[in-house]
$ cat work.cif   # mmCIF, C-alpha atoms (C1' of nucleotides)
data_input
#
loop_
_atom_site.group_PDB
_atom_site.id
_atom_site.type_symbol
_atom_site.label_atom_id
_atom_site.label_comp_id
_atom_site.auth_asym_id
_atom_site.auth_seq_id
_atom_site.Cartn_x
_atom_site.Cartn_y
_atom_site.Cartn_z
ATOM 1 C CA MET A 1 39.733 -61.117 37.337
ATOM 2 C CA VAL A 2 42.704 -63.281 36.691
ATOM 3 C CA VAL A 3 44.941 -62.183 39.524
ATOM 4 C CA ASP A 4 42.744 -62.148 42.585
ATOM 5 C CA PHE A 5 41.283 -64.683 44.993
ATOM 6 C CA THR A 6 39.383 -64.420 48.224
ATOM 7 C CA VAL A 7 39.730 -60.720 48.971
ATOM 8 C CA GLY A 8 37.865 -58.066 47.019
ATOM 9 C CA GLN A 9 39.462 -55.556 44.712
ATOM 10 C CA ALA A 10 38.728 -52.777 47.167
ATOM 11 C CA ASP A 11 40.749 -54.580 49.844
ATOM 12 C CA VAL A 12 43.693 -54.935 47.513
ATOM 13 C CA ASP A 13 43.344 -51.270 46.612
ATOM 14 C CA ARG A 14 43.524 -50.310 50.280
ATOM 15 C CA VAL A 15 46.535 -52.495 50.996
ATOM 16 C CA PHE A 16 48.591 -51.152 48.109
ATOM 17 C CA HIS A 17 47.503 -47.623 48.797
ATOM 18 C CA ALA A 18 48.517 -48.024 52.426
ATOM 19 C CA LEU A 19 51.960 -49.176 51.329
ATOM 20 C CA ALA A 20 52.360 -46.313 48.843
ATOM 21 C CA ASP A 21 53.658 -43.909 51.479
ATOM 22 C CA ALA A 22 57.131 -43.919 53.011
ATOM 23 C CA THR A 23 55.905 -42.838 56.433
ATOM 24 C CA ARG A 24 53.372 -45.646 56.557
ATOM 25 C CA ARG A 25 55.925 -48.225 55.420
ATOM 26 C CA ASP A 26 58.235 -46.959 58.138
ATOM 27 C CA ILE A 27 55.497 -47.222 60.736
ATOM 28 C CA LEU A 28 54.828 -50.750 59.576
ATOM 29 C CA THR A 29 58.458 -51.824 59.920
ATOM 30 C CA ARG A 30 58.704 -50.225 63.353
ATOM 31 C CA VAL A 31 55.561 -51.968 64.475
ATOM 32 C CA ILE A 32 56.738 -55.285 63.088
ATOM 33 C CA GLY A 33 59.857 -54.870 65.183
ATOM 34 C CA GLU A 34 57.859 -54.130 68.317
ATOM 35 C CA GLU A 35 54.351 -53.068 69.290
ATOM 36 C CA GLN A 36 54.222 -49.335 69.897
ATOM 37 C CA SER A 37 51.736 -46.726 71.017
ATOM 38 C CA VAL A 38 50.519 -44.137 68.544
ATOM 39 C CA SER A 39 52.173 -41.203 70.287
ATOM 40 C CA ALA A 40 55.421 -43.138 70.684
ATOM 41 C CA LEU A 41 55.366 -43.536 66.918
ATOM 42 C CA ALA A 42 54.419 -39.913 66.392
ATOM 43 C CA ARG A 43 57.475 -38.649 68.276
ATOM 44 C CA ARG A 44 59.672 -40.122 65.547
ATOM 45 C CA TYR A 45 58.254 -38.149 62.655
ATOM 46 C CA ALA A 46 58.355 -34.492 61.727
ATOM 47 C CA MET A 47 54.610 -34.166 61.665
ATOM 48 C CA SER A 48 51.736 -33.678 64.039
ATOM 49 C CA LEU A 49 50.203 -36.449 66.102
ATOM 50 C CA PRO A 50 46.891 -36.399 64.225
ATOM 51 C CA ALA A 51 48.775 -36.907 60.966
ATOM 52 C CA VAL A 52 50.387 -40.046 62.362
ATOM 53 C CA GLN A 53 47.037 -41.146 63.732
ATOM 54 C CA LYS A 54 45.638 -40.890 60.220
ATOM 55 C CA HIS A 55 48.489 -42.942 58.810
ATOM 56 C CA VAL A 56 47.882 -45.616 61.402
ATOM 57 C CA GLY A 57 44.202 -45.474 60.511
ATOM 58 C CA VAL A 58 45.012 -46.090 56.867
ATOM 59 C CA LEU A 59 47.214 -49.053 57.755
ATOM 60 C CA GLU A 60 44.508 -50.362 60.049
ATOM 61 C CA SER A 61 41.683 -50.173 57.530
ATOM 62 C CA ALA A 62 43.977 -51.939 55.081
ATOM 63 C CA GLY A 63 44.293 -54.736 57.616
ATOM 64 C CA LEU A 64 48.062 -54.380 57.796
ATOM 65 C CA VAL A 65 47.988 -53.275 61.399
ATOM 66 C CA GLN A 66 45.877 -53.814 64.475
ATOM 67 C CA LYS A 67 45.181 -51.159 67.077
ATOM 68 C CA LEU A 68 44.336 -52.364 70.582
ATOM 69 C CA ARG A 69 43.382 -50.080 73.426
ATOM 70 C CA ARG A 70 45.630 -50.975 76.344
ATOM 71 C CA GLY A 71 44.864 -48.669 79.222
ATOM 72 C CA ARG A 72 45.179 -45.102 78.079
ATOM 73 C CA GLU A 73 47.395 -45.884 75.138
ATOM 74 C CA ALA A 74 46.639 -47.555 71.803
ATOM 75 C CA ARG A 75 49.062 -50.319 70.995
ATOM 76 C CA VAL A 76 49.713 -50.772 67.293
ATOM 77 C CA SER A 77 50.845 -54.190 66.112
ATOM 78 C CA ALA A 78 51.466 -55.708 62.676
ATOM 79 C CA GLU A 79 49.233 -58.211 60.894
ATOM 80 C CA LEU A 80 51.584 -60.505 59.054
ATOM 81 C CA GLU A 81 48.864 -62.377 57.176
ATOM 82 C CA ARG A 82 47.966 -59.327 55.141
ATOM 83 C CA ILE A 83 51.550 -58.728 54.125
ATOM 84 C CA ARG A 84 51.886 -62.336 53.106
ATOM 85 C CA LEU A 85 48.661 -62.054 51.117
ATOM 86 C CA VAL A 86 50.030 -59.207 49.067
ATOM 87 C CA ARG A 87 53.254 -61.039 48.446
ATOM 88 C CA GLU A 88 51.309 -64.018 47.158
ATOM 89 C CA LEU A 89 49.387 -61.703 44.864
ATOM 90 C CA LEU A 90 52.678 -60.509 43.434
ATOM 91 C CA ASP A 91 53.707 -64.143 43.043
ATOM 92 C CA ARG A 92 50.690 -64.609 40.822
ATOM 93 C CA TYR A 93 51.938 -61.923 38.489
ATOM 94 C CA GLU A 94 55.245 -63.701 38.200
ATOM 95 C CA GLN A 95 53.454 -66.951 37.473
ATOM 96 C CA LEU A 96 51.450 -65.247 34.746
ATOM 97 C CA TRP A 97 54.694 -64.017 33.308
ATOM 98 C CA ARG A 98 56.192 -67.481 33.329
ATOM 99 C CA HIS A 99 53.133 -68.882 31.585
ATOM 100 C CA ARG A 100 53.467 -66.232 28.938
ATOM 101 C CA VAL A 101 57.121 -66.958 28.353
ATOM 102 C CA VAL A 102 56.396 -70.662 28.122
ATOM 103 C CA ALA A 103 53.620 -69.985 25.643
ATOM 104 C CA MET A 104 55.858 -67.801 23.504
ATOM 105 C CA ASP A 105 58.601 -70.384 23.620
ATOM 106 C CA HIS A 106 56.102 -72.975 22.500
ATOM 107 C CA LEU A 107 55.032 -70.698 19.706
ATOM 108 C CA LEU A 108 58.531 -70.051 18.483
ATOM 109 C CA THR A 109 60.020 -73.524 18.715
ATOM 110 C CA ASP A 110 56.810 -75.267 17.738
ATOM 111 C CA ARG A 111 57.314 -77.907 20.396
ATOM 112 C CA PRO A 112 56.436 -78.227 24.091
ATOM 113 C CA ALA A 113 58.493 -75.805 26.139
ATOM 114 C CA LYS A 114 61.140 -77.336 28.364
ATOM 115 C CA MET B 115 65.309 -47.003 56.360
ATOM 116 C CA VAL B 116 65.345 -50.613 57.370
ATOM 117 C CA VAL B 117 63.271 -52.106 54.586
ATOM 118 C CA ASP B 118 64.669 -50.633 51.409
ATOM 119 C CA PHE B 119 67.673 -51.192 49.214
ATOM 120 C CA THR B 120 68.767 -49.799 45.883
ATOM 121 C CA VAL B 121 65.639 -47.948 44.785
ATOM 122 C CA GLY B 122 64.568 -44.706 46.414
ATOM 123 C CA GLN B 123 61.496 -44.285 48.543
ATOM 124 C CA ALA B 124 59.823 -42.259 45.831
ATOM 125 C CA ASP B 125 60.169 -45.177 43.417
ATOM 126 C CA VAL B 126 58.579 -47.531 45.885
ATOM 127 C CA ASP B 127 55.826 -44.996 46.429
ATOM 128 C CA ARG B 128 55.116 -44.909 42.723
ATOM 129 C CA VAL B 129 55.087 -48.673 42.341
ATOM 130 C CA PHE B 130 52.664 -49.273 45.184
ATOM 131 C CA HIS B 131 50.515 -46.378 44.120
ATOM 132 C CA ALA B 132 50.397 -47.754 40.600
ATOM 133 C CA LEU B 133 49.210 -51.099 41.952
ATOM 134 C CA ALA B 134 46.573 -49.497 44.187
ATOM 135 C CA ASP B 135 44.001 -49.338 41.395
ATOM 136 C CA ALA B 136 41.986 -52.256 40.037
ATOM 137 C CA THR B 137 42.007 -50.955 36.468
ATOM 138 C CA ARG B 138 45.775 -50.604 36.498
ATOM 139 C CA ARG B 139 46.268 -54.065 37.984
ATOM 140 C CA ASP B 140 44.003 -55.420 35.271
ATOM 141 C CA ILE B 141 45.981 -53.628 32.582
ATOM 142 C CA LEU B 142 49.144 -55.076 34.029
ATOM 143 C CA THR B 143 47.846 -58.643 33.960
ATOM 144 C CA ARG B 144 46.594 -58.221 30.404
ATOM 145 C CA VAL B 145 49.918 -56.831 29.318
ATOM 146 C CA ILE B 146 51.802 -59.603 31.073
ATOM 147 C CA GLY B 147 49.743 -62.055 29.081
ATOM 148 C CA GLU B 148 50.468 -60.306 25.802
ATOM 149 C CA GLU B 149 51.751 -56.953 24.572
ATOM 150 C CA GLN B 150 48.864 -54.706 23.616
ATOM 151 C CA SER B 151 48.315 -51.285 22.127
ATOM 152 C CA VAL B 152 46.855 -48.532 24.277
ATOM 153 C CA SER B 153 43.594 -48.311 22.365
ATOM 154 C CA ALA B 154 43.228 -52.091 22.318
ATOM 155 C CA LEU B 155 43.410 -51.908 26.091
ATOM 156 C CA ALA B 156 41.050 -48.968 26.203
ATOM 157 C CA ARG B 157 38.295 -50.846 24.385
ATOM 158 C CA ARG B 158 38.038 -53.215 27.316
ATOM 159 C CA TYR B 159 37.155 -50.631 29.944
ATOM 160 C CA ALA B 160 34.141 -48.452 30.503
ATOM 161 C CA MET B 161 36.135 -45.262 30.339
ATOM 162 C CA SER B 162 37.585 -42.904 27.790
ATOM 163 C CA LEU B 163 40.825 -43.508 25.943
ATOM 164 C CA PRO B 164 42.670 -40.641 27.657
ATOM 165 C CA ALA B 165 41.767 -42.148 31.023
ATOM 166 C CA VAL B 166 43.393 -45.433 30.028
ATOM 167 C CA GLN B 167 46.352 -43.518 28.635
ATOM 168 C CA LYS B 168 46.803 -41.940 32.028
ATOM 169 C CA HIS B 169 46.654 -45.306 33.761
ATOM 170 C CA VAL B 170 49.279 -46.636 31.400
ATOM 171 C CA GLY B 171 51.320 -43.537 32.116
ATOM 172 C CA VAL B 172 51.151 -44.218 35.849
ATOM 173 C CA LEU B 173 52.250 -47.814 35.325
ATOM 174 C CA GLU B 174 55.031 -46.625 33.054
ATOM 175 C CA SER B 175 56.450 -44.030 35.412
ATOM 176 C CA ALA B 176 56.375 -46.693 38.109
ATOM 177 C CA GLY B 177 58.537 -48.825 35.856
ATOM 178 C CA LEU B 178 56.015 -51.644 35.818
ATOM 179 C CA VAL B 179 55.342 -51.250 32.126
ATOM 180 C CA GLN B 180 57.183 -50.155 29.024
ATOM 181 C CA LYS B 181 55.581 -48.261 26.154
ATOM 182 C CA LEU B 182 57.216 -48.635 22.745
ATOM 183 C CA ARG B 183 56.102 -46.804 19.647
ATOM 184 C CA ARG B 184 55.587 -49.409 16.953
ATOM 185 C CA GLY B 185 54.327 -47.709 13.846
ATOM 186 C CA ARG B 186 51.216 -45.744 14.647
ATOM 187 C CA GLU B 187 50.427 -47.679 17.765
ATOM 188 C CA ALA B 188 52.058 -47.750 21.184
ATOM 189 C CA ARG B 189 52.788 -51.240 22.360
ATOM 190 C CA VAL B 190 52.573 -51.694 26.112
ATOM 191 C CA SER B 191 54.588 -54.511 27.669
ATOM 192 C CA ALA B 192 55.273 -55.580 31.252
ATOM 193 C CA GLU B 193 58.536 -55.133 33.138
ATOM 194 C CA LEU B 194 58.902 -58.205 35.286
ATOM 195 C CA GLU B 195 61.910 -56.958 37.207
ATOM 196 C CA ARG B 196 59.913 -54.261 38.907
ATOM 197 C CA ILE B 197 57.233 -56.692 39.978
ATOM 198 C CA ARG B 198 59.860 -59.033 41.358
ATOM 199 C CA LEU B 199 61.466 -56.113 43.179
ATOM 200 C CA VAL B 200 58.252 -55.325 44.999
ATOM 201 C CA ARG B 201 57.761 -58.942 45.939
ATOM 202 C CA GLU B 202 61.240 -59.023 47.410
ATOM 203 C CA LEU B 203 60.457 -55.896 49.369
ATOM 204 C CA LEU B 204 57.460 -57.680 50.839
ATOM 205 C CA ASP B 205 59.714 -60.620 51.650
ATOM 206 C CA ARG B 206 61.810 -58.261 53.727
ATOM 207 C CA TYR B 207 58.823 -57.436 55.858
ATOM 208 C CA GLU B 208 58.237 -61.101 56.484
ATOM 209 C CA GLN B 209 61.881 -61.561 57.409
ATOM 210 C CA LEU B 210 61.626 -58.693 59.865
ATOM 211 C CA TRP B 211 58.646 -60.423 61.370
ATOM 212 C CA ARG B 212 60.546 -63.652 61.737
ATOM 213 C CA HIS B 213 63.429 -61.848 63.423
ATOM 214 C CA ARG B 214 61.009 -60.289 65.844
ATOM 215 C CA VAL B 215 59.469 -63.608 66.758
ATOM 216 C CA VAL B 216 62.893 -65.119 67.253
ATOM 217 C CA ALA B 217 63.906 -62.187 69.450
ATOM 218 C CA MET B 218 60.800 -62.532 71.573
ATOM 219 C CA ASP B 219 61.391 -66.230 71.908
ATOM 220 C CA HIS B 220 64.901 -65.497 73.042
ATOM 221 C CA LEU B 221 63.593 -63.005 75.549
ATOM 222 C CA LEU B 222 61.042 -65.363 77.025
ATOM 223 C CA THR B 223 63.098 -68.516 77.245
ATOM 224 C CA ASP B 224 66.298 -66.725 78.194
ATOM 225 C CA ARG B 225 68.373 -68.873 75.894
ATOM 226 C CA PRO B 226 69.438 -68.671 72.246
ATOM 227 C CA ALA B 227 66.430 -69.172 70.016
ATOM 228 C CA LYS B 228 66.279 -72.456 68.185
ATOM 229 C "C1'" DC C 229 40.850 -33.978 93.125
ATOM 230 C "C1'" DT C 230 43.586 -32.004 89.840
ATOM 231 C "C1'" DA C 231 46.873 -32.049 86.444
ATOM 232 C "C1'" DT C 232 48.719 -34.389 82.747
ATOM 233 C "C1'" DC C 233 49.169 -37.611 79.073
ATOM 234 C "C1'" DG C 234 47.429 -40.269 75.187
ATOM 235 C "C1'" DT C 235 43.749 -40.511 72.136
ATOM 236 C "C1'" DG C 236 39.923 -39.288 68.988
ATOM 237 C "C1'" DA C 237 37.381 -36.438 65.997
ATOM 238 C "C1'" DA C 238 36.033 -32.326 63.584
ATOM 239 C "C1'" DA C 239 36.952 -28.331 60.437
ATOM 240 C "C1'" DC C 240 39.819 -26.607 57.181
ATOM 241 C "C1'" DC C 241 43.457 -25.995 53.406
ATOM 242 C "C1'" DT C 242 46.296 -27.437 49.590
ATOM 243 C "C1'" DT C 243 47.624 -30.742 46.422
ATOM 244 C "C1'" DG C 244 47.005 -34.876 43.783
ATOM 245 C "C1'" DT C 245 44.167 -38.219 41.398
ATOM 246 C "C1'" DG C 246 40.865 -40.092 38.195
ATOM 247 C "C1'" DG C 247 37.787 -38.861 35.119
ATOM 248 C "C1'" DT C 248 35.866 -35.961 31.235
ATOM 249 C "C1'" DT C 249 35.908 -33.278 26.541
ATOM 250 C "C1'" DG C 250 38.269 -31.161 22.854
ATOM 251 C "C1'" DT C 251 41.956 -30.364 19.659
ATOM 252 C "C1'" DA C 252 45.826 -31.728 16.983
ATOM 253 C "C1'" DG C 253 49.747 -34.695 15.054
ATOM 254 C "C1'" DA C 254 51.400 -39.172 12.837
ATOM 255 C "C1'" DT C 255 50.682 -43.315 10.396
ATOM 256 C "C1'" DT C 256 48.343 -46.518 7.787
ATOM 257 C "C1'" DT C 257 44.661 -47.759 4.266
ATOM 258 C "C1'" DC C 258 41.911 -47.069 0.250
ATOM 259 C "C1'" DG D 259 45.452 -37.346 -1.577
ATOM 260 C "C1'" DA D 260 41.663 -38.332 1.549
ATOM 261 C "C1'" DA D 261 39.837 -40.847 5.178
ATOM 262 C "C1'" DA D 262 40.243 -43.477 9.027
ATOM 263 C "C1'" DT D 263 42.992 -44.856 13.115
ATOM 264 C "C1'" DC D 264 45.953 -44.391 17.004
ATOM 265 C "C1'" DT D 265 48.182 -41.442 19.894
ATOM 266 C "C1'" DA D 266 49.314 -37.241 22.544
ATOM 267 C "C1'" DC D 267 48.383 -33.217 25.149
ATOM 268 C "C1'" DA D 268 45.832 -29.450 27.392
ATOM 269 C "C1'" DA D 269 42.056 -27.655 30.117
ATOM 270 C "C1'" DC D 270 38.772 -28.557 33.246
ATOM 271 C "C1'" DC D 271 36.071 -30.763 37.190
ATOM 272 C "C1'" DA D 272 34.854 -33.460 41.444
ATOM 273 C "C1'" DC D 273 36.655 -35.689 45.045
ATOM 274 C "C1'" DA D 274 40.119 -38.023 47.844
ATOM 275 C "C1'" DA D 275 44.715 -37.526 50.436
ATOM 276 C "C1'" DG D 276 47.943 -35.618 53.495
ATOM 277 C "C1'" DG D 277 48.679 -32.177 56.337
ATOM 278 C "C1'" DT D 278 47.381 -28.625 59.865
ATOM 279 C "C1'" DT D 279 44.975 -26.619 64.221
ATOM 280 C "C1'" DT D 280 41.572 -26.945 67.691
ATOM 281 C "C1'" DC D 281 38.641 -28.957 71.021
ATOM 282 C "C1'" DA D 282 37.144 -32.678 74.019
ATOM 283 C "C1'" DC D 283 37.316 -36.944 76.545
ATOM 284 C "C1'" DG D 284 39.156 -41.259 79.229
ATOM 285 C "C1'" DA D 285 42.997 -42.933 82.029
ATOM 286 C "C1'" DT D 286 46.868 -42.438 84.963
ATOM 287 C "C1'" DA D 287 49.976 -39.886 88.368
ATOM 288 C "C1'" DG D 288 50.766 -36.748 92.267
#

$ encode --input "work.cif" --output "structure tokens"
Amino acid sequence: MVVDFTVGQADVDRVFHALADATRRDILTRVIGEEQSVSALARRYAMSLPAVQKHVGVLESAGLVQKLRRGREARVSAELERIRLVRELLDRYEQLWRHRVVAMDHLLTDRPAK
Amino acid sequence: MVVDFTVGQADVDRVFHALADATRRDILTRVIGEEQSVSALARRYAMSLPAVQKHVGVLESAGLVQKLRRGREARVSAELERIRLVRELLDRYEQLWRHRVVAMDHLLTDRPAK
DNA sequence: CTATCGTGAAACCTTGTGGTTGTAGATTTC
DNA sequence: GAAATCTACAACCACAAGGTTTCACGATAG
């Protein structure tokens, strides 16, 4: 694989899949702003608690979020490293693109690209 | 929504969903490297042509890829802008995180954060 | 101790996704 | 013109996803 490094493809799959839902992205931003309990999060959405629990579960198994049991409530907090990892992956795509453009430029002008 | 700008949530959904599959990410990198026809792509994977067509379709409706009919073949090429857009979205998350840390610092030290 | 709150997990339903095969339409090539 | 190639689309299937309701359990509050 050209665009991948330490993490496995399945991990990347999970991260992108976790981000492919507006509710989950919203949960993530809320949790980045401030740690929150699952039910505190759930009160903000027009869906049942278990549904929100599942969303948090998806974010957690993607490594984007951490869930710590604090007394009777489960505090959800963001894992910045994972977000940064994905962003770097996207950077790689842009680098690939730049390489391609350079190569095409080289091809067309028949001299080393600027 | 805090972390979103010009594009709708549904668009973001589609982009992340499109990237949440190893085959599609591989197609994208190949196409970034060089425009390719659908069947040329299909030969590289252990799946039927229609399956690859569907993957390309997903990438296309996410705006990550463009499909142009060139004679009897369909040339698939990458759309860098969309990739860059997603990366910027991820940047926003990191900025949120930084704001949070600054705010907490402010809270703890009881003076304007550095 | 009891009542309540937050959580977790199972069972279930509906829809979407990724894959298949099969058929058919255009475009080149011989 | 016939044959080969590339594409497109429909029907179908198995399974995963997102949602629901229900039940049960640990922790706090009165």

$ interface_residues --input "work.cif" --of "chain B" --to "chain C" --cutoff "10 Å" --atoms "only C-alpha atoms (C1' of nucleotides)" --output "MDAnalysis selection string"
chainID B and resid 161:162 164:165 168:169 185:187

$ write_last_selection --input "work.cif" --atoms "C-alpha atoms" --output "compact mmCIF listing (two decimals), in the frame of the given file"
# COMPACT_ATOMS: atom_id res chain seq x y z
CA MET B 161 36.14 -45.26 30.34
CA SER B 162 37.58 -42.90 27.79
CA PRO B 164 42.67 -40.64 27.66
CA ALA B 165 41.77 -42.15 31.02
CA LYS B 168 46.80 -41.94 32.03
CA HIS B 169 46.65 -45.31 33.76
CA GLY B 185 54.33 -47.71 13.85
CA ARG B 186 51.22 -45.74 14.65
CA GLU B 187 50.43 -47.68 17.76

$ residues_around --input "work.cif" --residues "A:Lys67" --least-positions-apart "3" --cutoff "10 Å" --atoms "all atoms listed in the file" --output "PyMOL selection string"
chain A and resi 35-38+56-57+59-60+70+73-78

$ atom_distance --input "work.cif" --atom1 "atom CA of B:Arg138" --atom2 "atom CA of B:Leu178"
10.3 Å

$ interface_residues --input "work.cif" --of "chain D" --to "chain B" --cutoff "9 Å" --atoms "all atoms listed in the file" --output "MDAnalysis selection string"
chainID D and resid 263:265

$ interface_residues --input "work.cif" --of "chain B" --to "chain A" --cutoff "8 Å" --atoms "all atoms listed in the file" --output "number ranges by chain"
B: 115-117, 123-124, 126-131, 133-136, 140, 143, 146-148, 194, 197-198, 200-201, 204-205, 207-208, 210-211, 214

$ atom_distance --input "work.cif" --atom1 "atom C1' of D:DT278" --atom2 "atom CA of A:Ile27"
20.3 Å

$ atom_distance --input "work.cif" --atom1 "atom C1' of D:DA282" --atom2 "atom CA of A:Arg44"
25.2 Å

$ axis_aligned_box --input "work.cif" --around "stretch 211-215 of chain B" --padding-each-side "5 Å" --output "JSON"
{"center_x": 61.0, "center_y": -62.0, "center_z": 64.1, "size_x": 14.8, "size_y": 13.4, "size_z": 15.4}
